[in-house]
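A.B. asks: This is the content of upload-v9.csv (CSV, C-alpha atoms):
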chain,number,residue,atom,x,y,z
A,13,MET,CA,26.7,-40.9,73.1
A,14,ILE,CA,24.8,-37.6,72.4
A,15,THR,CA,21.3,-38.1,71.0
A,16,ALA,CA,18.9,-35.6,69.6
A,17,LYS,CA,16.1,-34.8,72.1
A,18,ASN,CA,14.0,-32.5,69.8
A,19,TYR,CA,13.7,-29.8,72.5
A,20,ALA,CA,13.5,-27.1,69.8
A,21,ALA,CA,10.3,-28.5,68.3
A,22,GLN,CA,8.8,-29.0,71.8
A,23,ALA,CA,9.6,-25.5,72.9
A,24,GLU,CA,8.4,-23.9,69.7
A,25,HIS,CA,5.1,-25.9,69.8
A,26,CYS,CA,4.5,-25.0,73.5
A,27,ILE,CA,5.2,-21.3,72.8
A,28,ARG,CA,2.8,-21.2,69.9
A,29,ASP,CA,0.1,-22.9,71.9
A,30,SER,CA,0.4,-20.3,74.6
A,31,LEU,CA,-0.1,-17.6,72.0
A,32,ILE,CA,-3.3,-19.2,70.9
A,33,SER,CA,-4.6,-19.8,74.4
A,34,SER,CA,-3.7,-16.3,75.7
A,35,PRO,CA,-3.5,-13.8,72.8
A,36,SER,CA,-2.0,-10.6,74.1
A,37,ARG,CA,0.2,-7.9,72.8
A,38,ASP,CA,2.4,-8.5,75.8
A,39,LEU,CA,3.2,-12.0,74.5
A,40,GLU,CA,4.1,-11.0,71.0
A,41,TYR,CA,7.8,-11.4,71.9
A,42,LEU,CA,7.1,-15.1,72.1
A,43,ARG,CA,6.1,-15.2,68.4
A,44,GLU,CA,9.5,-13.8,67.5
A,45,ILE,CA,11.2,-16.5,69.6
A,46,ALA,CA,9.1,-19.3,68.1
A,47,ASP,CA,9.9,-18.0,64.5
A,48,THR,CA,13.7,-17.8,65.4
A,49,ILE,CA,13.6,-21.4,66.7
A,50,LYS,CA,11.9,-22.7,63.5
A,51,HIS,CA,14.5,-21.1,61.2
A,52,SER,CA,17.5,-22.1,63.3
A,53,VAL,CA,20.1,-24.9,62.9
A,54,HIS,CA,19.8,-27.2,65.9
A,55,PHE,CA,22.7,-28.7,68.0
A,56,ALA,CA,22.6,-31.3,70.7
A,57,LEU,CA,25.0,-31.0,73.7
A,58,PRO,CA,26.1,-33.4,76.4
A,59,ASN,CA,24.1,-33.7,79.6
A,60,GLU,CA,24.7,-30.6,81.7
A,61,GLY,CA,25.6,-28.7,78.5
A,62,PHE,CA,29.4,-28.4,79.1
A,63,ILE,CA,31.7,-29.5,76.3
A,64,PHE,CA,35.2,-28.8,77.7
A,65,ASP,CA,34.6,-27.7,81.2
A,66,ASP,CA,38.1,-26.0,81.1
A,67,ASP,CA,37.2,-22.6,82.5
A,68,LEU,CA,36.9,-21.2,79.0
A,69,LYS,CA,40.6,-21.3,78.4
A,70,GLY,CA,40.2,-21.3,74.7
A,71,LEU,CA,38.5,-17.9,74.8
A,72,THR,CA,40.6,-16.2,77.5
A,73,GLY,CA,43.3,-15.4,74.9
A,74,HIS,CA,42.7,-13.2,71.9
A,75,VAL,CA,40.1,-14.6,69.6
A,76,ASP,CA,39.2,-12.3,66.7
A,77,LYS,CA,36.5,-14.3,65.1
A,78,PHE,CA,33.4,-14.8,67.2
A,79,ARG,CA,30.5,-15.6,64.9
A,80,LEU,CA,27.9,-18.2,65.0
A,81,PRO,CA,28.2,-21.1,62.5
A,82,PHE,CA,24.8,-20.2,61.1
A,83,PRO,CA,22.6,-17.0,61.4
A,84,SER,CA,20.7,-18.5,64.3
A,85,ILE,CA,21.2,-21.7,66.3
A,86,THR,CA,19.7,-23.6,69.2
A,87,LEU,CA,21.6,-25.7,71.7
A,88,GLU,CA,19.7,-28.4,73.6
A,89,TYR,CA,20.8,-30.3,76.7
A,90,PHE,CA,19.4,-32.1,79.8
A,91,THR,CA,20.4,-31.3,83.3
A,92,TRP,CA,19.9,-33.3,86.5
A,93,GLU,CA,20.2,-30.0,88.5
A,94,LYS,CA,16.9,-29.8,90.4
A,95,ASN,CA,17.0,-26.0,90.9
A,96,ARG,CA,19.6,-23.3,91.3
A,97,THR,CA,18.2,-21.5,94.3
A,98,GLU,CA,15.4,-22.0,96.7
A,99,GLU,CA,13.2,-19.7,94.6
A,100,THR,CA,13.6,-21.4,91.3
A,101,LEU,CA,11.7,-24.4,89.9
A,102,PRO,CA,13.1,-27.6,88.5
A,103,CYS,CA,14.0,-27.2,84.8
A,104,PRO,CA,15.5,-30.4,83.5
A,105,LYS,CA,15.3,-29.6,79.8
A,106,ARG,CA,17.1,-26.5,78.5
A,107,LEU,CA,17.3,-24.8,75.1
A,108,ILE,CA,19.6,-21.9,74.3
A,109,VAL,CA,18.7,-19.7,71.3
A,110,ALA,CA,21.4,-17.5,69.7
A,111,GLU,CA,21.1,-15.3,66.7
A,112,GLU,CA,23.3,-12.8,65.0
A,113,ALA,CA,22.0,-9.3,64.7
A,114,LYS,CA,23.0,-5.7,64.2
A,115,LEU,CA,22.8,-3.2,67.1
A,116,ASP,CA,23.7,0.4,66.3
A,117,GLY,CA,25.6,-0.8,63.2
A,118,GLU,CA,27.6,-3.3,65.3
A,119,ASP,CA,27.6,-7.1,64.9
A,120,VAL,CA,26.3,-8.7,68.0
A,121,ILE,CA,25.0,-12.1,69.1
A,122,LYS,CA,21.7,-12.2,71.0
A,123,VAL,CA,21.5,-15.2,73.5
A,124,ILE,CA,18.4,-16.3,75.4
A,125,ALA,CA,17.4,-19.4,77.2
A,126,ILE,CA,14.1,-21.4,77.2
A,127,CYS,CA,13.5,-23.9,80.0
A,128,TYR,CA,11.0,-26.7,80.6
A,129,TYR,CA,9.3,-26.1,83.9
A,130,ALA,CA,8.5,-29.6,85.0
A,131,THR,CA,6.1,-28.4,87.7
A,132,TYR,CA,3.9,-26.8,85.1
A,133,LYS,CA,4.8,-29.0,82.1
A,134,LYS,CA,5.5,-25.9,80.1
A,135,TRP,CA,8.4,-24.3,78.1
A,136,SER,CA,9.0,-20.7,78.9
A,137,PRO,CA,11.9,-18.3,78.2
A,138,LEU,CA,14.0,-16.8,81.1
A,139,THR,CA,13.3,-13.2,81.8
A,140,VAL,CA,16.6,-11.8,80.6
A,141,GLY,CA,19.2,-12.8,78.1
A,142,PHE,CA,22.5,-11.3,76.9
A,143,VAL,CA,23.8,-9.3,73.9
A,144,VAL,CA,27.4,-10.3,73.2
A,145,LYS,CA,29.6,-7.4,71.8
A,146,TRP,CA,32.8,-9.4,71.2
A,147,ASP,CA,36.0,-7.5,72.1
A,148,GLY,CA,38.4,-10.4,71.8
A,149,SER,CA,38.4,-12.0,75.2
A,150,VAL,CA,36.6,-13.4,78.2
A,151,THR,CA,37.9,-13.1,81.7
A,152,ALA,CA,37.3,-16.3,83.8
A,153,ILE,CA,38.1,-17.0,87.5
A,154,PRO,CA,37.2,-20.3,89.2
A,155,ALA,CA,35.3,-19.7,92.4
A,156,GLU,CA,33.6,-21.9,95.1
A,157,GLN,CA,30.1,-21.2,93.7
A,158,GLY,CA,31.3,-22.0,90.1
A,159,LEU,CA,33.1,-20.2,87.3
A,160,MET,CA,32.9,-16.4,87.5
A,161,PHE,CA,33.4,-14.8,84.1
A,162,GLY,CA,32.9,-11.6,82.3
A,163,ILE,CA,32.3,-10.8,78.7
A,164,ASN,CA,31.7,-7.5,76.8
A,165,GLY,CA,28.0,-6.9,76.1
A,166,SER,CA,24.7,-5.9,77.7
A,167,VAL,CA,21.7,-7.4,79.3
A,168,GLY,CA,18.7,-8.1,77.0
A,169,ILE,CA,15.2,-8.0,78.5
A,170,VAL,CA,13.2,-10.9,77.1
A,171,ASN,CA,10.0,-10.6,79.1
A,172,GLN,CA,9.5,-6.9,79.9
A,173,ALA,CA,6.3,-7.3,81.9
A,174,HIS,CA,7.9,-9.9,84.2
A,175,PHE,CA,11.1,-7.9,84.5
A,176,ASP,CA,9.1,-4.8,85.6
A,177,GLN,CA,7.3,-6.9,88.2
A,178,VAL,CA,10.5,-8.2,89.7
A,179,VAL,CA,12.1,-4.8,89.7
A,180,GLN,CA,9.0,-3.3,91.5
A,181,ARG,CA,9.2,-6.1,94.1
A,182,ASP,CA,13.0,-6.3,94.7
A,183,GLY,CA,14.5,-3.1,93.3
A,184,GLU,CA,16.4,-2.9,90.0
A,185,LYS,CA,19.9,-4.0,91.2
A,186,LYS,CA,18.7,-7.0,93.3
A,187,ALA,CA,16.3,-8.0,90.5
A,188,LEU,CA,18.9,-7.8,87.8
A,189,ASP,CA,21.5,-9.7,89.8
A,190,ALA,CA,19.1,-12.5,90.5
A,191,LEU,CA,17.8,-12.8,87.0
A,192,LEU,CA,21.3,-12.7,85.5
A,193,LEU,CA,22.4,-15.4,88.0
A,194,ASP,CA,19.5,-17.6,86.8
A,195,PHE,CA,20.6,-17.1,83.2
A,196,TRP,CA,24.4,-17.2,83.6
A,197,VAL,CA,24.7,-21.0,83.5
A,198,GLU,CA,23.2,-21.0,80.0
A,199,MET,CA,25.6,-18.2,79.0
A,200,ARG,CA,28.5,-20.4,80.1
A,201,VAL,CA,27.2,-23.3,78.1
A,202,PHE,CA,26.9,-21.1,75.1
A,203,LEU,CA,30.4,-19.8,75.5
A,204,GLU,CA,31.8,-23.3,75.8
A,205,PHE,CA,30.1,-24.1,72.5
A,206,MET,CA,31.7,-21.0,70.9
A,207,GLU,CA,35.0,-22.1,72.5
A,208,ALA,CA,34.7,-25.4,70.7
A,209,LEU,CA,34.2,-23.6,67.4
A,210,THR,CA,37.6,-21.9,67.8
A,211,CYS,CA,39.2,-25.3,67.3
A,212,SER,CA,39.9,-25.9,63.6
A,213,ASN,CA,39.4,-29.6,63.9
A,214,VAL,CA,36.0,-29.5,65.5
A,215,LYS,CA,33.2,-30.0,62.9
A,216,PRO,CA,29.4,-30.2,63.0
A,217,HIS,CA,28.1,-33.8,62.4
A,218,LEU,CA,24.4,-34.5,61.4
A,219,ILE,CA,22.9,-37.1,63.8
A,220,GLU,CA,19.2,-36.5,63.1
A,221,PRO,CA,18.6,-36.0,59.3
A,222,VAL,CA,15.2,-34.9,58.0
A,223,ASN,CA,13.2,-37.8,56.6
A,224,ILE,CA,10.1,-36.6,54.8
A,225,PHE,CA,8.3,-40.0,55.0
A,226,LYS,CA,9.0,-40.2,58.7
A,227,GLN,CA,7.8,-36.7,59.2
A,228,ARG,CA,4.5,-37.5,57.4
A,229,ARG,CA,3.9,-40.5,59.6
A,230,ARG,CA,4.6,-38.4,62.7
A,231,ALA,CA,2.2,-35.7,61.5
A,232,ALA,CA,-0.5,-38.4,60.8
A,233,ASP,CA,0.0,-39.7,64.4
A,234,GLY,CA,-0.3,-36.2,65.9
A,235,LYS,CA,3.4,-36.1,66.8
A,236,LEU,CA,5.7,-33.1,66.6
A,237,PRO,CA,8.2,-33.0,63.6
A,238,LEU,CA,11.8,-34.1,64.3
A,239,TYR,CA,14.1,-31.2,63.6
A,240,GLU,CA,17.4,-31.8,61.9
A,241,THR,CA,20.1,-31.9,64.6
A,242,TYR,CA,23.9,-31.7,64.7
A,243,VAL,CA,26.6,-32.4,67.3
A,244,LEU,CA,30.2,-31.2,67.4
A,245,THR,CA,32.7,-33.9,66.6
A,246,ILE,CA,36.4,-34.4,66.0
A,247,PRO,CA,37.3,-36.3,62.8
A,248,GLY,CA,39.1,-39.6,63.6
A,249,LYS,CA,39.3,-41.7,66.8
A,250,PRO,CA,41.4,-41.5,69.9
A,251,SER,CA,44.5,-43.5,69.5
A,252,ALA,CA,46.9,-45.3,71.9
A,253,LYS,CA,50.6,-44.3,71.5
A,254,GLN,CA,53.8,-45.1,73.2
A,255,GLU,CA,55.9,-42.2,74.7
A,256,SER,CA,59.3,-41.8,73.0
A,257,LYS,CA,62.1,-43.8,74.6
A,258,GLN,CA,64.5,-41.0,73.8
A,259,GLY,CA,65.4,-38.2,76.2
A,260,THR,CA,66.5,-38.1,79.8
A,261,HIS,CA,63.1,-38.8,81.3
A,262,SER,CA,61.8,-42.3,81.8
A,263,SER,CA,58.4,-43.2,80.4
A,264,PRO,CA,55.6,-42.7,83.0
A,265,ARG,CA,53.1,-45.4,83.9
A,266,GLN,CA,50.4,-45.8,81.2
A,267,HIS,CA,47.6,-43.3,81.6
A,268,LEU,CA,44.8,-41.6,79.8
A,269,ARG,CA,45.7,-38.0,78.8
A,270,ARG,CA,42.5,-36.0,78.9
A,271,GLY,CA,41.5,-34.0,75.9
A,272,HIS,CA,42.4,-30.4,75.9
A,273,ILE,CA,42.8,-27.3,73.8
A,274,ARG,CA,46.2,-26.6,72.3
A,275,ARG,CA,47.0,-23.1,71.2
A,276,LEU,CA,48.9,-22.9,67.9
A,277,PRO,CA,50.0,-19.8,65.9
A,278,SER,CA,47.4,-20.7,63.4
A,279,GLY,CA,44.6,-21.0,66.0
A,280,ASN,CA,43.2,-23.4,68.5
A,281,ILE,CA,42.8,-27.2,68.0
A,282,TRP,CA,41.2,-29.8,70.2
A,283,VAL,CA,43.6,-32.6,71.1
A,284,ASN,CA,41.5,-35.7,71.8
A,285,SER,CA,42.0,-38.1,74.7
A,286,CYS,CA,44.7,-40.7,74.2
A,287,VAL,CA,46.6,-43.4,76.1
A,288,VAL,CA,50.3,-42.5,76.7
A,289,GLY,CA,53.1,-44.0,78.8
A,290,ASN,CA,54.6,-47.5,79.3
A,291,ALA,CA,52.2,-50.2,80.4
A,292,SER,CA,55.2,-52.3,81.8
A,293,LYS,CA,55.7,-49.6,84.5
A,294,GLY,CA,52.1,-49.9,85.6
A,295,VAL,CA,48.7,-48.6,84.6
A,296,ILE,CA,46.9,-45.6,86.1
A,297,GLU,CA,43.1,-46.1,85.8
A,298,LYS,CA,41.0,-42.9,85.7
A,299,GLN,CA,37.5,-42.2,84.5
A,300,TYR,CA,36.8,-39.1,82.5
A,301,ALA,CA,33.6,-37.8,81.0
A,302,VAL,CA,34.5,-37.4,77.3
A,303,GLN,CA,32.0,-34.7,76.3
A,304,ILE,CA,32.6,-34.3,72.6
Would you write the structure of this file as structure tokens?
C.D. replies:
Amino acid sequence: MITAKNYAAQAEHCIRDSLISSPSRDLEYLREIADTIKHSVHFALPNEGFIFDDDLKGLTGHVDKFRLPFPSITLEYFTWEKNRTEETLPCPKRLIVAEEAKLDGEDVIKVIAICYYATYKKWSPLTVGFVVKWDGSVTAIPAEQGLMFGINGSVGIVNQAHFDQVVQRDGEKKALDALLLDFWVEMRVFLEFMEALTCSNVKPHLIEPVNIFKQRRRAADGKLPLYETYVLTIPGKPSAKQESKQGTHSSPRQHLRRGHIRRLPSGNIWVNSCVVGNASKGVIEKQYAVQI
């Protein structure tokens, strides 16, 4: 079960605190991030952030519509991943912030990531993000080090001062490659969320409604407000069904058919997990992480 973790409120509060404790023009970009978080619609994702984990198959075909469900959103998730490289610090709590914008008259989606650095007990944005210029497809190739994928767009510099420091130290190409590698996991999580939205039967469901009385009690106790939070769900429940006895093929042993995207002429739909096959011929037991 996916629960609301309230990472958006935590990140916003931490960022605003840093602006108060260290007022500087170089940190003004943080104010914009905090304001965007405050006015966003918030979604909770499964642990590790992946919804389908299907190599983005729902996006690798032609998808014309690639717009956020709201002008700006946040995606929160927890990861057990200690660190990505020897040079990075543990960041168990992750928050993705995405907003629609205009760039040179073109509709784009700006995507950044904010991580909780456990060592310092502080939320901070990653140095770079990405500006998606959707052209209808994503290329994705499985590889040993994880999914390699490409998407039309450009790198967005979030923290210019830190970016300049890394470039001066490592050179532009090496710096950009390393910073993008650090961000690319969040980019894949974002793309899987957008992939889910291509399914006509996937809907937002409110799991953390705003309760004004509860908020007042939290404020009186010096606690952060709880932000209204959604998850993506599929109406209805998984059902068990018997394979048809007609046809030339005998019914297989009973097994769980994992959820998957089905492409239809009218668009994508998500087919939920279900039990199929003939129990009298045996049962195949498998464990799947149902992530939606």
A.B. asks: Around (15.7, -14.7, 77.6) in the file's frame, which residues reach within 7 Å when counting all atoms listed in the file? Return as a ChimeraX atom specification?
C.D. replies: /A:124-126,137-141,169-170
A.B. asks: Mind checking which residues fall within 12 Å of Asp47 of chain A, counting only C-alpha atoms, ignoring those fewer than 3 positions away in the same chain, and posting them as a PDB file with C-alpha atoms, in the coordinates of the input?
C.D. replies:
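Result file follows (selection.pdb):
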ATOM      1  CA  ALA A  20      13.500 -27.100  69.800  1.00  0.00           C
ATOM      2  CA  ALA A  21      10.300 -28.500  68.300  1.00  0.00           C
ATOM      3  CA  ALA A  23       9.600 -25.500  72.900  1.00  0.00           C
ATOM      4  CA  GLU A  24       8.400 -23.900  69.700  1.00  0.00           C
ATOM      5  CA  HIS A  25       5.100 -25.900  69.800  1.00  0.00           C
ATOM      6  CA  ILE A  27       5.200 -21.300  72.800  1.00  0.00           C
ATOM      7  CA  ARG A  28       2.800 -21.200  69.900  1.00  0.00           C
ATOM      8  CA  GLU A  40       4.100 -11.000  71.000  1.00  0.00           C
ATOM      9  CA  TYR A  41       7.800 -11.400  71.900  1.00  0.00           C
ATOM     10  CA  LEU A  42       7.100 -15.100  72.100  1.00  0.00           C
ATOM     11  CA  ARG A  43       6.100 -15.200  68.400  1.00  0.00           C
ATOM     12  CA  GLU A  44       9.500 -13.800  67.500  1.00  0.00           C
ATOM     13  CA  LYS A  50      11.900 -22.700  63.500  1.00  0.00           C
ATOM     14  CA  HIS A  51      14.500 -21.100  61.200  1.00  0.00           C
ATOM     15  CA  SER A  52      17.500 -22.100  63.300  1.00  0.00           C
ATOM     16  CA  SER A  84      20.700 -18.500  64.300  1.00  0.00           C
ATOM     17  CA  VAL A 109      18.700 -19.700  71.300  1.00  0.00           C
ATOM     18  CA  GLU A 111      21.100 -15.300  66.700  1.00  0.00           C
TER      19      GLU A 111
END
A.B. asks: Which residues, written as an mmCIF file with C-alpha atoms, in the coordinates of the input, have at least one atom at most 10 Å from Lys133 of chain A, with all atoms listed in the file counted and residues fewer than 4 positions away on the same chain left out?
C.D. replies:
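selection02.cif was written with the following content:
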data_model
loop_
_atom_site.group_PDB
_atom_site.id
_atom_site.type_symbol
_atom_site.label_atom_id
_atom_site.label_comp_id
_atom_site.auth_asym_id
_atom_site.auth_seq_id
_atom_site.Cartn_x
_atom_site.Cartn_y
_atom_site.Cartn_z
ATOM 1 C CA CYS A 26 4.500 -25.000 73.500
ATOM 2 C CA CYS A 103 14.000 -27.200 84.800
ATOM 3 C CA TYR A 128 11.000 -26.700 80.600
ATOM 4 C CA TYR A 129 9.300 -26.100 83.900
#
A.B. asks: For a test of reading the model, state the distance in Å between atom CA of Ala173 of chain A and atom CA of Asp119 of chain A, rounded to one decimal.
C.D. replies: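 Straight-line distance from atom CA of Ala173 of chain A to atom CA of Asp119 of chain A works out to 27.3 Å.
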A.B. asks: Go through segment 69-158 of chain A residue by residue and, counting all atoms listed in the file, keep those with an atom at most 12 Å from segment 228-247 of chain A; for each kept residue give the shortest atom pair and its distance in Å to one decimal, ordered by chain and increasing number, as a tab-separated table.
C.D. replies:
residue	atom	partner	partner_atom	distance
A:Pro81	CA	A:Leu244	CA	11.4
A:Ile85	CA	A:Thr241	CA	10.4
A:Thr86	CA	A:Thr241	CA	9.5
A:Leu87	CA	A:Val243	CA	9.4
A:Glu88	CA	A:Thr241	CA	9.7
A:Tyr89	CA	A:Val243	CA	11.2
A.B. asks: So which one's closest to Val144 of chain A, A:Ile108, A:Leu191, A:Ile219, A:Val120? Using only C-alpha atoms, please.
C.D. replies: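 Ranked by minimum distance to Val144 of chain A, first place goes to A:Val120.
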